[in-house]
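A short worksheet on the structure shown next.
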Amino acid sequence: MQKLFRWASKWWPGLIPLAVMWGFAAWNNTLPVEADLSARSSAALKDTVLDKTRIAVDGRDVSLAADAFSEEGRRDAVVAVETVPGVRLVDDRTRLVPEAKPFVWNAERDVVRVTLSGSAPLPSIKGRLTEAARKELGGVEVADQMGLARGAPPRFEAAATLLLDQIGKLKDGKITITDTKVNLSGMARDLGGREAVAAALKNLPEGFSIAANDVKAPPYVFQAYKDPVAATVTLTGYVPDNNVHTAIVTSASRKFFNEKVVDNLKASLGAPGAFNSAVVAALGALSRLSTGTLVVSDREVKLSGDALYEGAANDIRAGLGKDFPKNWQYKPEITVKPAAGPVDGTVCQQLFSELLAKAKIRFGAKRADIDPDSAGILDHLIETALRCPTTNIEVAGHTDADGEDAFNQALSQKRAQAVIDYLVKAGLPASRFTAVGYGSTQPVAGNATEDAKAQNRRIEFLVR
């Protein structure tokens with residue numbers, strides 16, 4: 001017996017390395033099997049729609065964890081792994097993605113980025129929306145803060161994609177889908193952007209509707225700057241269409257007799273109502289200034305500059321708002337140009353002649369009503385008259401040769417008197433002026449053409 005124990009004590013230590021070798025062999029054989037099952041299980045799931053998929057293999061048992069977007073999709077994923085050859089048991093740890101009630105999606109733009117937040121119904125849709133935002137807003141940072149949730153309405157992706165097109169038209173703002181209701185707010189990037197957004201929203205997919213659209217347009221700005229040194233009036237900003245564009249430039253050319261009109265206007269949507277009439281009236285006031293700036297922003301008019309004399313400044317301040325449509329605001333900031341030095345009668349006559357060679361005092365056809373477009377030339381004539389306060393001045397009216405001589409003489413007399421009445425209203429003494437109507441008796445051109453007739457229809461200032 002003792003011999004037996006002595007013999008056993010010699011061989012049993014050899015079992016230890018044998019066990020180690022067996023365990024290593026078993027472990028070494030199991031690793032390829034598990035890796036193979038893991039790869040084939042993953043391949044079996046390639047056509048399923050899952051999120052956060054995790055596969056763990058223990059021998060021939062597979063643990064599947066994943067977030068599914070429908071009960072059917074969840075079951076299909078489990079079955080796909082169960083049918084992988086070699087899989088003995090599937091530990092189902094799948095779950096459904098939470099459902100969002102209501103289902104909310106947002107796209108918000110600020111100065112530096114666009115942030116997508118809220119919920120997307122699938123990872124693929126989430127990726128496509130992020131890519132669509134980057135494409136639409138080339139160069140703008142896109143921050144993806146979207147989560148995944150069930151409960152999206154039908155045609156959600158089409159609606160969100162269309163709305164991403166609109167975020168590109170905003171300078172800043174936010175677009176939200178809440179189930180099938182769409183809310184928009186913010187400031188359009190360009191004039192016409194608000195209208196473009198509104199037009200695009202008519203193409204929302206069936207079932208979606210606009211709950212609120214509070215997209216605002218940037219200010220609709222028209223500007224005019226009168227520069228007496230360069231002898232220009234520069235028009236910049238926007239007009240609603242080509243017809244209004246032509247009307248404003250034509251009106252400016254009539255009002256500014258001594259300046260070249262530089263036209264830098266562009267046509268754009270978004271003009272306030274009565275834009276044309278308000279701008280024309282404001283240009284008339286600007287034409288009476290020596291130098292000045294006109295800014296029309298939406299329904300607010302700002303006019304600043306130097307009037308030629310105190311009476312003109314007061315008249316412009318008091319009368320500016322009378323010519324504007326209702327609900328328009330105006331801010332006149334009118335000062336008075338320093339008075340020029342006095343001159344004698346000879347220089348005064350020369351100044352009158354130079355002014356009237358550049359522009360005419362206009363009247364209604366066959367009438368003695370002074371055209372409002374003549375306010376600028378009249379203010380310059382008044383400024384000149386103020387420089388020679390001791391002279392007497394004859395205001396001479398002339399007509400063309402059309403019509404009866406008696407009618408023409410009477411009309412020329414009335415027109416000359418209408419001019420004197422304007423001068424007296426501006427503060428000049430009536431005693432300095434005499435109205436004389438010459439009818440068609442002193443033509444400066446023939447009467448055969450319309451141009452010649454226009455030259456004959458005139459007012460002259462004669463220092464006596």
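Residues are named by chain letter and number: chains run A, B, ... in the order of the structure tokens, numbers start at 1 in each chain, and ligands are numbered from 1 in the order shown.
Residues in contact range of region 326-338 of chain A, defined as at most 9 Å between only C-alpha atoms, with sequence neighbours fewer than 6 positions away removed, read A:Ala278, A:Leu289, A:Ser290, A:Thr291, A:Gly292, A:Val296, A:Asp298, A:Arg299, A:Glu300, A:Val301, A:Lys302, A:Leu303, A:Ser304, A:Gly305, A:Asp306, A:Ala307, A:Leu308, A:Tyr309, A:Glu310, A:Ala312, A:Ala313, A:Asn314, A:Ile316, A:Arg317, A:Leu320.
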Preceding selection exported with C-alpha atoms as a compact mmCIF listing (two decimals), in the first residue's frame:
```txt
# COMPACT_ATOMS: atom_id res chain seq x y z
CA ALA A 278 -44.04 108.90 -50.71
CA LEU A 289 -31.91 121.65 -50.09
CA SER A 290 -28.42 122.83 -50.89
CA THR A 291 -27.04 119.50 -49.74
CA GLY A 292 -28.95 116.68 -48.11
CA VAL A 296 -36.85 105.99 -46.69
CA ASP A 298 -40.20 100.98 -44.69
CA ARG A 299 -42.74 103.67 -43.74
CA GLU A 300 -40.31 106.09 -42.12
CA VAL A 301 -38.80 109.06 -43.95
CA LYS A 302 -35.68 110.83 -42.68
CA LEU A 303 -34.58 114.00 -44.43
CA SER A 304 -31.51 115.94 -43.35
CA GLY A 305 -29.54 118.76 -44.90
CA ASP A 306 -29.26 122.53 -45.43
CA ALA A 307 -32.09 124.64 -46.78
CA LEU A 308 -31.16 127.67 -48.87
CA TYR A 309 -32.85 130.17 -46.52
CA GLU A 310 -34.81 130.17 -43.27
CA ALA A 312 -37.55 127.28 -46.98
CA ALA A 313 -36.39 125.36 -43.90
CA ASN A 314 -39.60 126.21 -42.06
CA ILE A 316 -40.05 121.96 -45.54
CA ARG A 317 -40.35 121.08 -41.84
CA LEU A 320 -43.08 117.36 -45.41
```
Using DSSP secondary structure from the backbone, list all strand (DSSP E or B) positions within region 28-221 of chain A, as JSON, numbers by chain.
{"A": [50, 51, 52, 53, 54, 55, 56, 57, 58, 61, 62, 63, 64, 65, 66, 67, 68, 89, 90, 91, 92, 95, 96, 99, 104, 105, 106, 107, 108, 109, 113, 114, 115, 116, 117, 118, 119, 120, 141, 142, 143, 144, 147, 148, 150, 170, 171, 172, 173, 174, 175, 176, 177, 178, 181, 182, 183, 184, 185, 186, 187, 188, 209, 210, 211, 212, 213, 214, 215, 216, 221]}
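CA of Ala406 (chain A) sits 15.9 Å away from CA of Pro443 (chain A).
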Would you list the contacts of region 129-132 of chain A as number ranges by chain, taking every protein, DNA or RNA residue within 9 Å and counting only C-alpha atoms, but skipping same-chain residues closer than 4 positions in sequence?
A: 116, 120, 124-125, 136-137, 142-144, 157, 160-161, 164-165
Since we have the selection now, will you write its residues out, keeping N, CA, C and O atoms, as a PDB file, in the first residue's frame?
```pdb
ATOM      1  N   LEU A 116     -29.790  71.795 -35.600  1.00  0.00           N
ATOM      2  CA  LEU A 116     -30.922  70.889 -35.792  1.00  0.00           C
ATOM      3  C   LEU A 116     -31.146  70.145 -34.486  1.00  0.00           C
ATOM      4  O   LEU A 116     -30.217  69.546 -33.944  1.00  0.00           O
ATOM      5  N   ALA A 120     -35.708  62.887 -34.876  1.00  0.00           N
ATOM      6  CA  ALA A 120     -35.776  62.340 -36.231  1.00  0.00           C
ATOM      7  C   ALA A 120     -36.257  60.905 -36.106  1.00  0.00           C
ATOM      8  O   ALA A 120     -35.948  60.226 -35.129  1.00  0.00           O
ATOM      9  N   SER A 124     -31.091  57.073 -40.769  1.00  0.00           N
ATOM     10  CA  SER A 124     -30.839  57.482 -42.153  1.00  0.00           C
ATOM     11  C   SER A 124     -31.459  58.847 -42.438  1.00  0.00           C
ATOM     12  O   SER A 124     -30.854  59.695 -43.117  1.00  0.00           O
ATOM     13  N   ILE A 125     -32.657  59.087 -41.934  1.00  0.00           N
ATOM     14  CA  ILE A 125     -33.301  60.389 -42.131  1.00  0.00           C
ATOM     15  C   ILE A 125     -32.532  61.468 -41.382  1.00  0.00           C
ATOM     16  O   ILE A 125     -32.332  62.579 -41.894  1.00  0.00           O
ATOM     17  N   GLU A 136     -27.469  73.089 -48.329  1.00  0.00           N
ATOM     18  CA  GLU A 136     -28.243  74.315 -48.529  1.00  0.00           C
ATOM     19  C   GLU A 136     -27.515  75.527 -47.997  1.00  0.00           C
ATOM     20  O   GLU A 136     -27.617  76.623 -48.558  1.00  0.00           O
ATOM     21  N   LEU A 137     -26.782  75.363 -46.916  1.00  0.00           N
ATOM     22  CA  LEU A 137     -26.153  76.494 -46.229  1.00  0.00           C
ATOM     23  C   LEU A 137     -24.645  76.447 -46.396  1.00  0.00           C
ATOM     24  O   LEU A 137     -23.909  76.754 -45.472  1.00  0.00           O
ATOM     25  N   VAL A 142     -23.179  73.475 -39.229  1.00  0.00           N
ATOM     26  CA  VAL A 142     -24.429  72.777 -38.910  1.00  0.00           C
ATOM     27  C   VAL A 142     -24.185  71.907 -37.686  1.00  0.00           C
ATOM     28  O   VAL A 142     -23.331  71.006 -37.713  1.00  0.00           O
ATOM     29  N   ALA A 143     -24.908  72.180 -36.623  1.00  0.00           N
ATOM     30  CA  ALA A 143     -24.786  71.407 -35.383  1.00  0.00           C
ATOM     31  C   ALA A 143     -25.954  70.428 -35.295  1.00  0.00           C
ATOM     32  O   ALA A 143     -27.119  70.848 -35.260  1.00  0.00           O
ATOM     33  N   ASP A 144     -25.634  69.138 -35.255  1.00  0.00           N
ATOM     34  CA  ASP A 144     -26.660  68.097 -35.190  1.00  0.00           C
ATOM     35  C   ASP A 144     -26.900  67.715 -33.733  1.00  0.00           C
ATOM     36  O   ASP A 144     -26.083  67.039 -33.121  1.00  0.00           O
ATOM     37  N   GLU A 157     -40.055  63.564 -43.531  1.00  0.00           N
ATOM     38  CA  GLU A 157     -38.772  63.925 -44.142  1.00  0.00           C
ATOM     39  C   GLU A 157     -38.964  64.945 -45.258  1.00  0.00           C
ATOM     40  O   GLU A 157     -38.184  65.891 -45.387  1.00  0.00           O
ATOM     41  N   ALA A 160     -39.564  68.349 -43.622  1.00  0.00           N
ATOM     42  CA  ALA A 160     -38.359  68.902 -43.000  1.00  0.00           C
ATOM     43  C   ALA A 160     -37.357  69.363 -44.059  1.00  0.00           C
ATOM     44  O   ALA A 160     -36.704  70.407 -43.904  1.00  0.00           O
ATOM     45  N   THR A 161     -37.229  68.608 -45.141  1.00  0.00           N
ATOM     46  CA  THR A 161     -36.295  68.991 -46.202  1.00  0.00           C
ATOM     47  C   THR A 161     -36.722  70.297 -46.859  1.00  0.00           C
ATOM     48  O   THR A 161     -35.895  71.180 -47.126  1.00  0.00           O
ATOM     49  N   LEU A 164     -35.855  73.094 -44.547  1.00  0.00           N
ATOM     50  CA  LEU A 164     -34.429  73.398 -44.519  1.00  0.00           C
ATOM     51  C   LEU A 164     -34.053  74.330 -45.670  1.00  0.00           C
ATOM     52  O   LEU A 164     -33.156  75.165 -45.543  1.00  0.00           O
ATOM     53  N   ASP A 165     -34.754  74.207 -46.798  1.00  0.00           N
ATOM     54  CA  ASP A 165     -34.532  75.151 -47.897  1.00  0.00           C
ATOM     55  C   ASP A 165     -34.869  76.571 -47.466  1.00  0.00           C
ATOM     56  O   ASP A 165     -34.243  77.535 -47.916  1.00  0.00           O
TER      57      ASP A 165
END
```
Who sits within 10 Å of Leu386 (chain A), only C-alpha atoms, same chain under 6 positions skipped, as a PyMOL selection string:
chain A and resi 309+339-343+348+380+427-428
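Of the listed residues (A:Gly364, A:Pro389, A:Pro85, A:Gly284), A:Gly284 comes nearest to Ile377 (chain A); the distances count only C-alpha atoms.
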Taking the backbone alone, and naming residues the way the document does, which bits of region 42-253 of chain A are helix (DSSP H, G or I) by DSSP, as an MDAnalysis selection string?
chainID A and resid 42:44 71:82 123:136 156:167 193:203 242:253
Interatomic distance (Å, one decimal) between CA of Gln413 (chain A) and CA of Ile370 (chain A):
13.4 Å
Could you list, as JSON, numbers by chain, every residue within 12 Å of Ala401 (chain A), counting only C-alpha atoms and ignoring same-chain residues fewer than 5 positions away?
{"A": [406, 407, 408, 409, 412, 438, 439, 440, 441, 442, 443, 444, 445, 446, 447, 448, 449, 450, 452, 453, 454, 455, 456, 457]}
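Residues surrounding Glu34 (chain A) within 8 Å are Val57, Asp58, Gly59 and Arg60 of chain A [only C-alpha atoms; sequence separation below 6 positions excluded].
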At what distance in Å, to one decimal, does CA of Ala217 (chain A) lie from CA of Gly237 (chain A)?
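One can read the CA of Gly237 (chain A) to CA of Ala217 (chain A) distance as 14.7 Å.
Among the candidates A:Asp110, A:Asp451, A:Glu460, A:Glu383, the residue lying nearest to Val436 (chain A) is A:Glu460 (atoms considered: only C-alpha atoms).
Excluding region 241-251 of chain A and any residue on its chain fewer than 3 positions from it, the residues at most 8 Å away by only C-alpha atoms are A:Arg254, A:Lys255, A:Val261, A:Asp263, A:Leu265, A:Ala267, A:Ser268, A:Leu269, A:Asn276, A:Val279, A:Val280.
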Take the residues just selected and output them with N, CA and C atoms as a compact mmCIF listing (two decimals), in the first residue's frame.
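Contents of selection_3.txt, freshly written:
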```txt
# COMPACT_ATOMS: atom_id res chain seq x y z
N ARG A 254 -36.61 115.71 -63.21
CA ARG A 254 -37.36 116.96 -63.32
C ARG A 254 -37.12 117.88 -62.13
N LYS A 255 -36.98 117.29 -60.96
CA LYS A 255 -36.87 118.09 -59.74
C LYS A 255 -35.47 118.67 -59.54
N VAL A 261 -28.54 112.90 -62.17
CA VAL A 261 -29.11 111.81 -61.38
C VAL A 261 -28.33 110.53 -61.65
N ASP A 263 -28.23 106.73 -61.03
CA ASP A 263 -29.24 105.72 -60.71
C ASP A 263 -28.57 104.39 -60.36
N LEU A 265 -30.40 102.13 -58.35
CA LEU A 265 -31.54 101.44 -57.74
C LEU A 265 -31.66 100.01 -58.27
N ALA A 267 -34.53 96.58 -58.33
CA ALA A 267 -35.92 96.17 -58.13
C ALA A 267 -35.98 95.02 -57.14
N SER A 268 -36.93 95.08 -56.20
CA SER A 268 -37.10 94.01 -55.22
C SER A 268 -38.52 94.04 -54.67
N LEU A 269 -39.00 92.87 -54.27
CA LEU A 269 -40.28 92.78 -53.60
C LEU A 269 -40.19 93.37 -52.19
N ASN A 276 -44.31 104.64 -54.01
CA ASN A 276 -43.95 105.56 -55.09
C ASN A 276 -44.30 107.00 -54.74
N VAL A 279 -41.99 108.46 -51.95
CA VAL A 279 -40.62 108.76 -52.39
C VAL A 279 -40.59 109.99 -53.27
N VAL A 280 -41.55 110.11 -54.17
CA VAL A 280 -41.60 111.29 -55.05
C VAL A 280 -41.76 112.56 -54.23
```
